[in-house]
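Next comes protein.txt, with compact mmCIF, C-alpha atoms.
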```txt
# COMPACT_ATOMS: atom_id res chain seq x y z
CA MET A 1 -22.04 31.51 -5.03
CA ASP A 2 -24.62 29.89 -2.73
CA MET A 3 -23.95 28.35 0.68
CA ASP A 4 -23.59 24.79 -0.70
CA ASP A 5 -21.02 25.91 -3.27
CA ALA A 6 -19.10 27.82 -0.59
CA MET A 7 -19.07 24.79 1.70
CA SER A 8 -17.98 22.58 -1.19
CA LEU A 9 -15.10 24.97 -2.01
CA VAL A 10 -14.02 25.07 1.65
CA GLU A 11 -14.13 21.27 1.83
CA HIS A 12 -12.04 20.96 -1.34
CA LEU A 13 -9.47 23.45 -0.04
CA GLY A 14 -9.33 21.57 3.27
CA GLU A 15 -8.82 18.29 1.43
CA LEU A 16 -6.09 19.84 -0.73
CA ARG A 17 -4.33 21.28 2.34
CA LYS A 18 -4.41 17.87 4.06
CA ARG A 19 -2.87 16.14 1.05
CA ILE A 20 -0.16 18.81 0.72
CA ILE A 21 0.71 18.34 4.40
CA TRP A 22 1.05 14.58 3.87
CA ILE A 23 3.29 15.17 0.85
CA ILE A 24 5.52 17.46 2.95
CA VAL A 25 5.64 14.83 5.72
CA VAL A 26 6.72 12.12 3.23
CA LEU A 27 9.29 14.54 1.75
CA ILE A 28 10.78 15.09 5.21
CA ILE A 29 10.88 11.32 5.82
CA GLY A 30 12.56 10.87 2.43
CA MET A 31 15.13 13.53 3.30
CA VAL A 32 15.89 11.77 6.58
CA ILE A 33 16.44 8.55 4.59
CA GLY A 34 18.66 10.55 2.25
CA LEU A 35 20.73 11.84 5.16
CA ILE A 36 21.21 8.28 6.43
CA PHE A 37 22.38 6.98 3.05
CA ALA A 38 24.20 10.14 1.88
CA GLN A 39 27.64 9.09 3.10
CA PRO A 40 27.74 5.58 1.56
CA LEU A 41 26.18 6.94 -1.67
CA ILE A 42 28.73 9.76 -1.95
CA THR A 43 31.55 7.31 -1.16
CA TYR A 44 30.30 4.97 -3.89
CA LEU A 45 29.96 7.73 -6.51
CA LYS A 46 33.49 8.91 -5.71
CA GLN A 47 34.87 5.44 -6.43
CA VAL A 48 33.27 4.84 -9.84
CA PRO A 49 34.07 6.52 -13.18
CA PRO A 50 34.33 9.33 -13.99
CA ALA A 51 35.01 10.38 -10.38
CA ASP A 52 37.49 7.66 -9.43
CA GLY A 53 40.55 9.61 -10.60
CA ILE A 54 39.67 12.93 -9.01
CA SER A 55 41.53 14.58 -6.16
CA TRP A 56 38.71 15.73 -3.89
CA ASN A 57 38.67 19.05 -2.05
CA VAL A 58 36.34 21.39 -0.23
CA PHE A 59 36.53 25.13 -0.73
CA SER A 60 34.13 26.12 2.01
CA PRO A 61 33.40 24.88 5.54
CA TRP A 62 29.80 24.36 4.37
CA ASP A 63 30.61 22.16 1.35
CA ALA A 64 30.35 18.82 3.19
CA ILE A 65 27.08 19.83 4.86
CA ARG A 66 25.76 21.13 1.54
CA MET A 67 26.46 17.73 -0.03
CA TYR A 68 24.54 15.93 2.71
CA MET A 69 21.59 18.27 2.23
CA ASN A 70 21.66 18.00 -1.58
CA PHE A 71 21.61 14.21 -1.47
CA ALA A 72 18.92 14.29 1.20
CA LEU A 73 16.76 16.58 -0.95
CA VAL A 74 17.19 14.52 -4.14
CA THR A 75 16.45 11.29 -2.25
CA GLY A 76 13.43 12.92 -0.65
CA LEU A 77 12.10 14.03 -4.05
CA ILE A 78 12.54 10.53 -5.52
CA VAL A 79 10.79 8.93 -2.55
CA THR A 80 8.01 11.54 -2.57
CA LEU A 81 7.29 11.56 -6.32
CA PRO A 82 5.05 8.45 -6.52
CA PHE A 83 3.27 9.40 -3.28
CA ALA A 84 2.68 12.97 -4.52
CA LEU A 85 1.34 11.69 -7.84
CA TYR A 86 -1.01 9.34 -5.99
CA GLN A 87 -2.24 12.20 -3.80
CA ILE A 88 -2.94 14.32 -6.88
CA TRP A 89 -4.86 11.40 -8.40
CA SER A 90 -6.82 10.89 -5.16
CA PHE A 91 -7.75 14.58 -5.07
CA LEU A 92 -9.01 14.50 -8.67
CA LYS A 93 -10.64 11.05 -8.32
CA PRO A 94 -14.15 12.23 -7.23
CA GLY A 95 -14.50 14.18 -10.49
CA LEU A 96 -13.63 11.19 -12.68
CA ARG A 97 -15.76 8.34 -13.98
CA VAL A 98 -14.88 4.80 -12.87
CA GLU A 99 -13.10 3.93 -16.10
CA GLU A 100 -11.22 7.26 -15.99
CA GLN A 101 -10.15 6.56 -12.41
CA LYS A 102 -8.62 3.22 -13.40
CA ALA A 103 -6.94 4.65 -16.49
CA SER A 104 -5.50 7.72 -14.74
CA LEU A 105 -4.22 5.62 -11.82
CA MET A 106 -1.83 3.98 -14.27
CA PHE A 107 -0.17 7.38 -14.69
CA VAL A 108 1.37 7.10 -11.21
CA PRO A 109 3.70 4.09 -11.68
CA PHE A 110 4.25 5.05 -15.33
CA ALA A 111 5.44 8.55 -14.35
CA PHE A 112 7.75 7.15 -11.67
CA ILE A 113 9.25 4.58 -14.06
CA LEU A 114 9.87 7.28 -16.68
CA PHE A 115 11.56 9.45 -14.05
CA LEU A 116 13.90 6.59 -13.08
CA ILE A 117 14.67 5.86 -16.74
CA GLY A 118 15.46 9.55 -17.26
CA LEU A 119 17.66 9.54 -14.16
CA ALA A 120 19.62 6.52 -15.40
CA PHE A 121 20.00 7.98 -18.91
CA ALA A 122 21.12 11.33 -17.48
CA TYR A 123 23.76 9.76 -15.21
CA PHE A 124 25.15 6.93 -17.33
CA VAL A 125 25.08 8.75 -20.67
CA VAL A 126 24.75 12.53 -20.50
CA PHE A 127 26.62 13.31 -17.29
CA LYS A 128 29.55 10.99 -18.04
CA MET A 129 29.77 12.30 -21.58
CA ALA A 130 29.70 15.90 -20.36
CA PHE A 131 32.33 15.29 -17.69
CA LEU A 132 34.67 13.43 -20.04
CA PHE A 133 34.33 16.27 -22.54
CA THR A 134 35.25 18.93 -19.97
CA SER A 135 38.12 16.77 -18.71
CA SER A 136 39.51 16.43 -22.24
CA ILE A 137 39.46 20.22 -22.65
CA THR A 138 41.24 20.58 -19.30
CA GLU A 139 43.90 18.10 -20.41
CA LYS A 140 44.44 19.90 -23.73
CA LEU A 141 45.11 23.11 -21.79
CA SER A 142 47.60 21.25 -19.54
CA LEU A 143 45.60 22.06 -16.42
CA GLN A 144 45.43 20.06 -13.21
CA GLU A 145 41.96 18.75 -12.36
CA THR A 146 41.35 19.73 -8.75
CA TYR A 147 37.63 19.73 -8.06
CA GLY A 148 35.62 20.75 -5.04
CA ILE A 149 33.11 18.09 -4.07
CA SER A 150 30.33 20.67 -4.08
CA GLN A 151 31.14 21.80 -7.63
CA TYR A 152 31.32 18.23 -8.93
CA PHE A 153 27.98 17.09 -7.55
CA THR A 154 26.28 20.41 -8.36
CA PHE A 155 27.41 19.92 -11.96
CA MET A 156 25.98 16.38 -11.82
CA PHE A 157 22.61 17.37 -10.34
CA ASN A 158 22.24 20.25 -12.83
CA ILE A 159 22.23 17.61 -15.58
CA LEU A 160 20.34 14.80 -13.83
CA ILE A 161 17.31 16.72 -12.57
CA PRO A 162 16.31 18.57 -15.81
CA ILE A 163 16.67 15.44 -17.97
CA SER A 164 14.74 13.30 -15.49
CA LEU A 165 11.91 15.84 -15.57
CA LEU A 166 11.99 15.94 -19.38
CA PHE A 167 11.24 12.22 -19.36
CA GLU A 168 7.88 13.10 -17.80
CA LEU A 169 6.84 14.60 -21.15
CA PRO A 170 4.57 11.67 -22.16
CA ILE A 171 2.66 11.94 -18.87
CA VAL A 172 2.21 15.69 -19.27
CA ILE A 173 0.99 15.35 -22.86
CA MET A 174 -1.40 12.52 -21.97
CA PHE A 175 -2.80 14.60 -19.10
CA LEU A 176 -3.25 17.67 -21.33
CA THR A 177 -4.93 15.45 -23.93
CA LYS A 178 -7.28 14.17 -21.24
CA LEU A 179 -8.17 17.81 -20.51
CA ARG A 180 -8.70 18.34 -24.27
CA ILE A 181 -6.04 21.07 -24.34
CA LEU A 182 -3.86 19.04 -26.72
CA ASN A 183 -4.62 16.45 -29.39
CA PRO A 184 -2.54 14.55 -31.97
CA LYS A 185 -3.36 17.03 -34.75
CA ARG A 186 -2.15 19.96 -32.66
CA LEU A 187 0.97 18.04 -31.63
CA HIS A 188 1.73 17.28 -35.28
CA THR A 189 1.37 20.98 -36.07
CA LEU A 190 3.72 21.88 -33.22
CA ARG A 191 6.24 19.18 -34.11
CA ARG A 192 8.83 21.42 -35.78
CA TYR A 193 8.75 23.89 -32.88
CA ALA A 194 8.94 21.05 -30.35
CA TYR A 195 11.96 19.57 -32.15
CA LEU A 196 13.68 22.96 -32.15
CA LEU A 197 12.98 23.48 -28.46
CA LEU A 198 14.22 19.99 -27.55
CA VAL A 199 17.43 20.49 -29.55
CA ILE A 200 18.01 23.82 -27.81
CA VAL A 201 17.47 22.24 -24.38
CA ALA A 202 19.77 19.34 -25.31
CA SER A 203 22.45 21.81 -26.42
CA MET A 204 22.16 23.73 -23.14
CA ILE A 205 22.64 20.70 -20.87
CA THR A 206 25.38 18.97 -22.88
CA PRO A 207 28.94 19.88 -23.87
CA PRO A 208 29.17 22.33 -26.78
CA ASP A 209 29.77 19.78 -29.53
CA ALA A 210 27.47 18.34 -32.17
CA VAL A 211 27.84 14.68 -31.15
CA SER A 212 26.75 15.29 -27.55
CA ALA A 213 23.78 17.39 -28.64
CA ILE A 214 22.68 14.66 -31.07
CA VAL A 215 23.08 11.89 -28.47
CA VAL A 216 20.68 13.74 -26.16
CA SER A 217 18.39 15.25 -28.81
CA VAL A 218 17.51 11.92 -30.45
CA PRO A 219 16.04 10.31 -27.27
CA MET A 220 14.18 13.56 -26.53
CA ILE A 221 12.66 13.59 -30.04
CA LEU A 222 11.74 9.90 -29.75
CA LEU A 223 10.14 10.69 -26.40
CA TYR A 224 8.08 13.42 -28.07
CA GLU A 225 6.94 11.03 -30.80
CA PHE A 226 6.05 8.46 -28.14
CA SER A 227 4.04 11.18 -26.42
CA VAL A 228 2.19 11.91 -29.68
CA LEU A 229 1.41 8.21 -30.00
CA LEU A 230 0.00 8.05 -26.47
CA SER A 231 -1.96 11.23 -27.09
CA GLY A 232 -3.51 9.54 -30.14
CA VAL A 233 -4.63 6.60 -28.00
CA VAL A 234 -6.30 8.92 -25.47
CA TYR A 235 -7.81 11.08 -28.21
CA ARG A 236 -9.36 8.14 -30.08
CA LYS A 237 -10.98 6.92 -26.88
CA GLN A 238 -12.39 10.40 -26.33
CA LEU A 239 -13.83 10.48 -29.85
CA ALA A 240 -15.38 7.04 -29.37
CA LYS A 241 -17.03 8.13 -26.10
CA ASP A 242 -18.26 11.36 -27.69
CA LYS A 243 -19.76 9.42 -30.59
CA ALA A 244 -21.46 6.93 -28.25
CA TRP A 245 -22.89 9.81 -26.20
CA GLU A 246 -24.24 11.53 -29.33
CA GLU A 247 -25.83 8.32 -30.55
CA GLU A 248 -27.50 7.78 -27.21
CA PHE A 249 -28.56 11.32 -26.34
CA GLY A 250 -28.09 13.36 -29.51
CA GLU A 251 -31.46 12.60 -31.01
CA LYS A 252 -33.39 13.10 -27.77
```
Full structure transcribed into structure tokens:
Amino acid sequence: MDMDDAMSLVEHLGELRKRIIWIIVVLIIGMVIGLIFAQPLITYLKQVPPADGISWNVFSPWDAIRMYMNFALVTGLIVTLPFALYQIWSFLKPGLRVEEQKASLMFVPFAFILFLIGLAFAYFVVFKMAFLFTSSITEKLSLQETYGISQYFTFMFNILIPISLLFELPIVIMFLTKLRILNPKRLHTLRRYAYLLLVIVASMITPPDAVSAIVVSVPMILLYEFSVLLSGVVYRKQLAKDKAWEEEFGEK
């Protein structure tokens, strides 16, 4: 490695460090916002189904503080996500052509919108379905539902976060297609394994009954097919550019 390459590497590492610091700063600001709104948000979630009929308790002196910190962290992550994606795009921008810069910039709002859609689906469909299922089992066993607030919201976040991240699948596949690691043909070949994996994940984060697994598996499979469709769009553009390059420079 010559001196210019070494300086370039140092400059890139310095740029990366600066962007990571800014992401951490925004995360901290988001967590502060989360701390401010934690109490009204917790109060609201306690008053709407399925939590409106629960007798709330704490089983540790730290439970209330843990709830504040959990909501602060989740709020911070939601606030930071679009900023972090933009910083990643800005870091990669110098290595992209102008048309690639414009196309990849669309990933940022698209990824954030998919995350919010996944969050809504996880809360309004999967979490409520899972909680109602566990409550029905409790009722059949003639048990009294007495939940700790920490256990309730931990159960909720353990469902919301993984599903929200799964909704980022189209962005990940499009990015890997851009890097020429994946393509539609390879995704078609992997389809049966992808379906199996998605069904297994859906079964792990839902109640142990077939209906719940199907309700979650179907959107996940549709999301995979949507990802294959987007990958095809990216791949065809790559082939067109490759063909144009060959026609222009191939014979020289």
Residues of range 39-153 of chain A at most 12 Å from range 12-29 of chain A: nearest atom pair and distance in Å, all atoms listed in the file, as a Markdown table:
```
| residue | atom | partner | partner_atom | distance |
| --- | --- | --- | --- | --- |
| A:Met69 | CA | A:Ile28 | CA | 11.7 |
| A:Ala72 | CA | A:Ile28 | CA | 9.1 |
| A:Leu73 | CA | A:Leu27 | CA | 8.2 |
| A:Val74 | CA | A:Leu27 | CA | 9.9 |
| A:Thr75 | CA | A:Leu27 | CA | 8.8 |
| A:Gly76 | CA | A:Leu27 | CA | 5.1 |
| A:Leu77 | CA | A:Leu27 | CA | 6.5 |
| A:Ile78 | CA | A:Leu27 | CA | 8.9 |
| A:Val79 | CA | A:Leu27 | CA | 7.2 |
| A:Thr80 | CA | A:Leu27 | CA | 5.4 |
| A:Leu81 | CA | A:Leu27 | CA | 8.8 |
| A:Pro82 | CA | A:Ile23 | CA | 10.1 |
| A:Phe83 | CA | A:Ile23 | CA | 7.1 |
| A:Ala84 | CA | A:Ile23 | CA | 5.8 |
| A:Leu85 | CA | A:Ile23 | CA | 9.6 |
| A:Tyr86 | CA | A:Arg19 | CA | 10.0 |
| A:Gln87 | CA | A:Arg19 | CA | 6.3 |
| A:Ile88 | CA | A:Arg19 | CA | 8.1 |
| A:Trp89 | CA | A:Arg19 | CA | 10.8 |
| A:Ser90 | CA | A:Arg19 | CA | 9.0 |
| A:Phe91 | CA | A:Leu16 | CA | 7.0 |
| A:Leu92 | CA | A:Leu16 | CA | 10.0 |
| A:Pro94 | CA | A:His12 | CA | 10.7 |
| A:Gly95 | CA | A:His12 | CA | 11.7 |
```
Let me see the file: selected residues, C-alpha atoms, as a PDB file, keeping the file's coordinate frame.
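See result_37.pdb below for the written result:
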```
ATOM      1  CA  MET A  69      21.590  18.270   2.230  1.00  0.00           C
ATOM      2  CA  ALA A  72      18.920  14.290   1.200  1.00  0.00           C
ATOM      3  CA  LEU A  73      16.760  16.580  -0.950  1.00  0.00           C
ATOM      4  CA  VAL A  74      17.190  14.520  -4.140  1.00  0.00           C
ATOM      5  CA  THR A  75      16.450  11.290  -2.250  1.00  0.00           C
ATOM      6  CA  GLY A  76      13.430  12.920  -0.650  1.00  0.00           C
ATOM      7  CA  LEU A  77      12.100  14.030  -4.050  1.00  0.00           C
ATOM      8  CA  ILE A  78      12.540  10.530  -5.520  1.00  0.00           C
ATOM      9  CA  VAL A  79      10.790   8.930  -2.550  1.00  0.00           C
ATOM     10  CA  THR A  80       8.010  11.540  -2.570  1.00  0.00           C
ATOM     11  CA  LEU A  81       7.290  11.560  -6.320  1.00  0.00           C
ATOM     12  CA  PRO A  82       5.050   8.450  -6.520  1.00  0.00           C
ATOM     13  CA  PHE A  83       3.270   9.400  -3.280  1.00  0.00           C
ATOM     14  CA  ALA A  84       2.680  12.970  -4.520  1.00  0.00           C
ATOM     15  CA  LEU A  85       1.340  11.690  -7.840  1.00  0.00           C
ATOM     16  CA  TYR A  86      -1.010   9.340  -5.990  1.00  0.00           C
ATOM     17  CA  GLN A  87      -2.240  12.200  -3.800  1.00  0.00           C
ATOM     18  CA  ILE A  88      -2.940  14.320  -6.880  1.00  0.00           C
ATOM     19  CA  TRP A  89      -4.860  11.400  -8.400  1.00  0.00           C
ATOM     20  CA  SER A  90      -6.820  10.890  -5.160  1.00  0.00           C
ATOM     21  CA  PHE A  91      -7.750  14.580  -5.070  1.00  0.00           C
ATOM     22  CA  LEU A  92      -9.010  14.500  -8.670  1.00  0.00           C
ATOM     23  CA  PRO A  94     -14.150  12.230  -7.230  1.00  0.00           C
ATOM     24  CA  GLY A  95     -14.500  14.180 -10.490  1.00  0.00           C
TER      25      GLY A  95
END
```
Problem - Nearest to Met67 in chain A by atom-to-atom distance, counting all atoms listed in the file, from A:Ser150, A:Tyr44, A:Val10, A:Met156 - result: A:Ser150
Completion exercise
In Å and to one decimal, CA of Ile33 in chain A is distant from CA of Tyr68 in chain A by 11.1 Å
For range 81-196 of chain A versus range 231-247 of chain A, which residues have an atom no more than 7 Å away, and what is each residue's nearest atom pair and distance in Å rounded to one decimal, using only C-alpha atoms, chain-then-number order, as CSV?
```
residue,atom,partner,partner_atom,distance
A:Ile173,CA,A:Ser231,CA,6.6
A:Met174,CA,A:Ser231,CA,5.3
A:Thr177,CA,A:Ser231,CA,6.1
A:Lys178,CA,A:Val234,CA,6.8
A:Asn183,CA,A:Ser231,CA,6.3
A:Pro184,CA,A:Gly232,CA,5.4
```
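CA of Lys128 in chain A is positioned 15.2 Å from CA of Ile214 in chain A.
Here CA of Ile159 in chain A is placed at a distance of 27.0 Å from CA of Leu229 in chain A.
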Completion exercise
Nearest to Ser135 in chain A, restricted to all atoms listed in the file and choosing among A:Met220, A:Ile36, A:Tyr147, A:Phe249, comes out as A:Tyr147
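The point (29.0, 17.6, -4.8) has these residues within 10 Å of it when all atoms listed in the file are used: A:Ile42, A:Lys46, A:Trp56, A:Val58, A:Asp63, A:Ala64, A:Arg66, A:Met67, A:Tyr68, A:Asn70, A:Phe71, A:Tyr147, A:Gly148, A:Ile149, A:Ser150, A:Gln151, A:Tyr152, A:Phe153, A:Thr154, A:Phe155, A:Met156, A:Phe157.
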With C-alpha atoms retained, could you export that selection as a compact mmCIF listing (two decimals), in the coordinates of the input?
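Result file selection-v1.txt:
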```txt
# COMPACT_ATOMS: atom_id res chain seq x y z
CA ILE A 42 28.73 9.76 -1.95
CA LYS A 46 33.49 8.91 -5.71
CA TRP A 56 38.71 15.73 -3.89
CA VAL A 58 36.34 21.39 -0.23
CA ASP A 63 30.61 22.16 1.35
CA ALA A 64 30.35 18.82 3.19
CA ARG A 66 25.76 21.13 1.54
CA MET A 67 26.46 17.73 -0.03
CA TYR A 68 24.54 15.93 2.71
CA ASN A 70 21.66 18.00 -1.58
CA PHE A 71 21.61 14.21 -1.47
CA TYR A 147 37.63 19.73 -8.06
CA GLY A 148 35.62 20.75 -5.04
CA ILE A 149 33.11 18.09 -4.07
CA SER A 150 30.33 20.67 -4.08
CA GLN A 151 31.14 21.80 -7.63
CA TYR A 152 31.32 18.23 -8.93
CA PHE A 153 27.98 17.09 -7.55
CA THR A 154 26.28 20.41 -8.36
CA PHE A 155 27.41 19.92 -11.96
CA MET A 156 25.98 16.38 -11.82
CA PHE A 157 22.61 17.37 -10.34
```
Exercise for the section: May I have the residues within 10 Å of Ile161 in chain A as a PyMOL selection string, using all atoms listed in the file and disregarding those fewer than 3 positions away in the same chain? Expected result: chain A and resi 74+115+118-119+122-123+156-158+164-166
Let's have the selection written as a compact mmCIF listing (two decimals), keeping the file's coordinate frame, with C-alpha atoms.
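What ended up in part-v1.txt:
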```txt
# COMPACT_ATOMS: atom_id res chain seq x y z
CA VAL A 74 17.19 14.52 -4.14
CA PHE A 115 11.56 9.45 -14.05
CA GLY A 118 15.46 9.55 -17.26
CA LEU A 119 17.66 9.54 -14.16
CA ALA A 122 21.12 11.33 -17.48
CA TYR A 123 23.76 9.76 -15.21
CA MET A 156 25.98 16.38 -11.82
CA PHE A 157 22.61 17.37 -10.34
CA ASN A 158 22.24 20.25 -12.83
CA SER A 164 14.74 13.30 -15.49
CA LEU A 165 11.91 15.84 -15.57
CA LEU A 166 11.99 15.94 -19.38
```
Box centre and edge lengths (Å, one decimal), axis-aligned, range 67-79 of chain A plus 8 Å each side, as AutoDock Vina command-line options:
```
--center_x 18.6 --center_y 13.6 --center_z -1.4 --size_x 31.7 --size_y 25.3 --size_z 24.2
```
Problem - For Ile171 in chain A, the nearest of the candidates A:Pro40, A:Pro49, A:Gly34, A:Pro109, counting all atoms listed in the file - result: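 Once distances to Ile171 in chain A are computed over all atoms listed in the file, the minimum belongs to A:Pro109.
When only C-alpha atoms are used to compute distances to Thr206 in chain A, the closest of the residues A:Pro61, A:Pro162, A:Gly53, A:Gly30 turns out to be A:Pro162.
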Exercise for the section: Using all atoms listed in the file, find the one residue out of A:Phe175, A:Phe59, A:Phe133, A:Phe127 that sits nearest to Phe107 in chain A. Expected result: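 Counting all atoms listed in the file, the residue closest to Phe107 in chain A is A:Phe175.
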Handout entry: Among listed residues A:Ala210, A:Phe124, A:Phe112, A:Thr134, nearest Leu45 in chain A (using all atoms listed in the file)
Key = A:Phe124
